[in-house]
$ cat target-v4.cif   # mmCIF, C-alpha atoms
data_upload
loop_
_atom_site.label_atom_id
_atom_site.label_comp_id
_atom_site.auth_asym_id
_atom_site.auth_seq_id
_atom_site.Cartn_x
_atom_site.Cartn_y
_atom_site.Cartn_z
CA SER A 1 91.89 -128.63 -101.95
CA SER A 2 95.67 -128.15 -101.79
CA THR A 3 95.15 -125.30 -99.30
CA LEU A 4 93.09 -127.60 -97.08
CA ILE A 5 95.69 -130.34 -97.34
CA SER A 6 98.47 -127.91 -96.47
CA ALA A 7 96.50 -126.54 -93.53
CA LEU A 8 95.47 -129.87 -92.01
CA GLY A 9 97.96 -132.46 -93.20
CA ALA A 10 101.63 -133.04 -92.56
CA THR A 11 104.06 -134.04 -95.27
CA THR A 12 106.21 -137.07 -94.47
CA ILE A 13 109.86 -137.38 -95.47
CA ARG A 14 111.21 -140.88 -95.03
CA PHE A 15 114.15 -143.00 -96.11
CA GLU A 16 116.31 -145.89 -94.99
CA LEU A 17 118.77 -144.88 -92.29
CA PRO A 18 122.30 -145.09 -93.73
CA SER A 19 124.32 -147.60 -91.70
CA SER A 20 127.04 -145.12 -90.78
CA VAL A 21 124.68 -142.35 -89.60
CA GLU A 22 123.01 -141.68 -86.25
CA VAL A 23 119.49 -140.24 -86.15
CA SER A 24 120.77 -137.36 -84.00
CA VAL A 25 123.06 -136.32 -86.88
CA LEU A 26 120.08 -136.20 -89.27
CA ASN A 27 118.10 -134.15 -86.76
CA SER A 28 120.92 -131.63 -86.51
CA ILE A 29 121.47 -131.38 -90.27
CA ALA A 30 117.80 -131.18 -91.21
CA GLY A 31 116.73 -128.93 -88.35
CA THR A 32 113.80 -131.21 -87.54
CA GLU A 33 113.18 -134.38 -85.58
CA PHE A 34 113.33 -137.72 -87.32
CA ILE A 35 112.05 -140.87 -85.70
CA ILE A 36 113.28 -144.36 -86.53
CA ARG A 37 111.39 -147.60 -86.93
CA ASP A 38 112.64 -150.77 -88.61
CA LYS A 39 115.70 -148.95 -90.02
CA VAL A 40 113.50 -146.31 -91.67
CA VAL A 41 113.64 -142.70 -90.50
CA ALA A 42 110.71 -140.35 -90.92
CA ALA A 43 109.82 -136.76 -90.15
CA LEU A 44 106.37 -135.16 -90.26
CA LEU A 45 106.44 -131.57 -91.46
CA SER A 46 103.67 -129.04 -91.72
CA SER A 47 106.00 -126.51 -93.38
CA GLY A 48 109.59 -126.12 -94.55
CA VAL A 49 109.64 -129.33 -96.56
CA GLN A 50 111.83 -127.92 -99.34
CA GLU A 51 114.33 -126.49 -96.87
CA VAL A 52 114.64 -129.81 -95.00
CA LEU A 53 115.05 -131.71 -98.28
CA LEU A 54 117.68 -129.25 -99.50
CA ARG A 55 119.69 -129.65 -96.28
CA LEU A 56 119.46 -133.45 -96.40
CA LEU A 57 120.32 -133.76 -100.08
CA THR A 58 123.19 -131.27 -99.89
CA TRP A 59 124.66 -133.08 -96.88
CA SER A 60 124.23 -136.54 -98.42
CA ASP A 61 125.76 -135.43 -101.74
CA THR A 62 128.71 -133.70 -100.04
CA ASN A 63 129.41 -136.77 -97.91
CA GLY A 64 128.72 -139.41 -100.57
CA ILE A 65 125.84 -140.89 -98.58
CA VAL A 66 122.86 -142.40 -100.38
CA LEU A 67 119.41 -141.85 -98.89
CA SER A 68 117.89 -145.12 -100.10
CA HIS A 69 114.14 -145.28 -100.70
CA LEU A 70 113.74 -141.53 -100.18
CA GLU A 71 110.07 -140.55 -100.28
CA VAL A 72 108.19 -137.33 -99.77
CA VAL A 73 104.52 -138.06 -99.19
CA ARG A 74 101.80 -135.47 -98.97
CA PRO A 75 98.45 -136.48 -97.52
CA THR A 76 95.56 -136.85 -99.91
CA LEU A 77 92.35 -134.88 -99.48
CA ASN A 78 90.77 -138.15 -98.32
CA ASP A 79 93.48 -138.56 -95.63
CA VAL A 80 92.81 -135.04 -94.39
CA PHE A 81 89.04 -135.58 -94.37
CA LEU A 82 89.36 -138.85 -92.44
CA GLY A 83 91.76 -137.23 -89.99
CA ALA A 84 89.47 -134.25 -89.46
CA THR A 85 86.34 -136.36 -88.99
CA GLY A 86 87.93 -139.26 -87.13
CA GLY A 87 86.59 -141.62 -89.80
CA ASP A 88 88.05 -144.90 -90.99
CA GLU A 89 88.14 -146.30 -94.47
#

$ encode --input "target-v4.cif" --output "structure tokens"
Amino acid sequence: SSTLISALGATTIRFELPSSVEVSVLNSIAGTEFIIRDKVVAALLSSGVQEVLLRLLTWSDTNGIVLSHLEVVRPTLNDVFLGATGGDE
């Protein structure tokens, strides 16, 4: 099931945007595109999750910036099934 999830689902990295940081800076540091909504930034990744996290955490630690409410969320098998079949819960 983890192979199916990896093949069909994207992992989400999200956290509260630090007040002194622009989203474009995060995009450059992480090497991926973050979107912002209600002061929360998120990126959907199908691969390279560890590399993006390493870049973000290294940068935040070096610069003394806290990534509040940091979450890494992988889709469940149910999420993948519903997405593949177009079903609703």

$ resolve_selection --input "target-v4.cif" --expression "the PyMOL selection byres ((chain A and resi 29) around 8)" --output "list in words"
Val25, Leu26, Asn27, Ser28, Ala30, Gly31, Arg55, Leu56 and Trp59 of chain A

$ atom_distance --input "target-v4.cif" --atom1 "atom CA of A:Leu53" --atom2 "atom CA of A:Val73"
12.3 Å

$ atom_distance --input "target-v4.cif" --atom1 "atom CA of A:Thr12" --atom2 "atom CA of A:Val40"
12.1 Å

$ resolve_selection --input "target-v4.cif" --expression "the PyMOL selection byres ((chain A and resi 16-19) around 9)" --output "PDB file with C-alpha atoms, in the coordinates of the input"
ATOM      1  CA  ARG A  14     111.210-140.880 -95.030  1.00  0.00           C
ATOM      2  CA  PHE A  15     114.150-143.000 -96.110  1.00  0.00           C
ATOM      3  CA  SER A  20     127.040-145.120 -90.780  1.00  0.00           C
ATOM      4  CA  VAL A  21     124.680-142.350 -89.600  1.00  0.00           C
ATOM      5  CA  GLU A  22     123.010-141.680 -86.250  1.00  0.00           C
ATOM      6  CA  VAL A  23     119.490-140.240 -86.150  1.00  0.00           C
ATOM      7  CA  ILE A  36     113.280-144.360 -86.530  1.00  0.00           C
ATOM      8  CA  ASP A  38     112.640-150.770 -88.610  1.00  0.00           C
ATOM      9  CA  LYS A  39     115.700-148.950 -90.020  1.00  0.00           C
ATOM     10  CA  VAL A  40     113.500-146.310 -91.670  1.00  0.00           C
ATOM     11  CA  VAL A  41     113.640-142.700 -90.500  1.00  0.00           C
ATOM     12  CA  ALA A  42     110.710-140.350 -90.920  1.00  0.00           C
ATOM     13  CA  ILE A  65     125.840-140.890 -98.580  1.00  0.00           C
ATOM     14  CA  VAL A  66     122.860-142.400-100.380  1.00  0.00           C
ATOM     15  CA  LEU A  67     119.410-141.850 -98.890  1.00  0.00           C
ATOM     16  CA  SER A  68     117.890-145.120-100.100  1.00  0.00           C
ATOM     17  CA  HIS A  69     114.140-145.280-100.700  1.00  0.00           C
ATOM     18  CA  LEU A  70     113.740-141.530-100.180  1.00  0.00           C
TER      19      LEU A  70
END

$ resolve_selection --input "target-v4.cif" --expression "the PyMOL selection byres ((chain A and resi 47) around 9)" --output "PyMOL selection string"
chain A and resi 6+10-11+45-46+48-50

$ atom_distance --input "target-v4.cif" --atom1 "atom CA of A:Leu44" --atom2 "atom CA of A:Asp61"
22.5 Å

$ closest_residue --input "target-v4.cif" --among "A:Ser24, A:Gly64, A:Arg74, A:Glu33" --to "A:Val52" --atoms "all atoms listed in the file"
A:Glu33

$ closest_residue --input "target-v4.cif" --among "A:Ile13, A:Asn63, A:Leu54, A:Arg37" --to "A:Pro75" --atoms "only C-alpha atoms"
A:Ile13
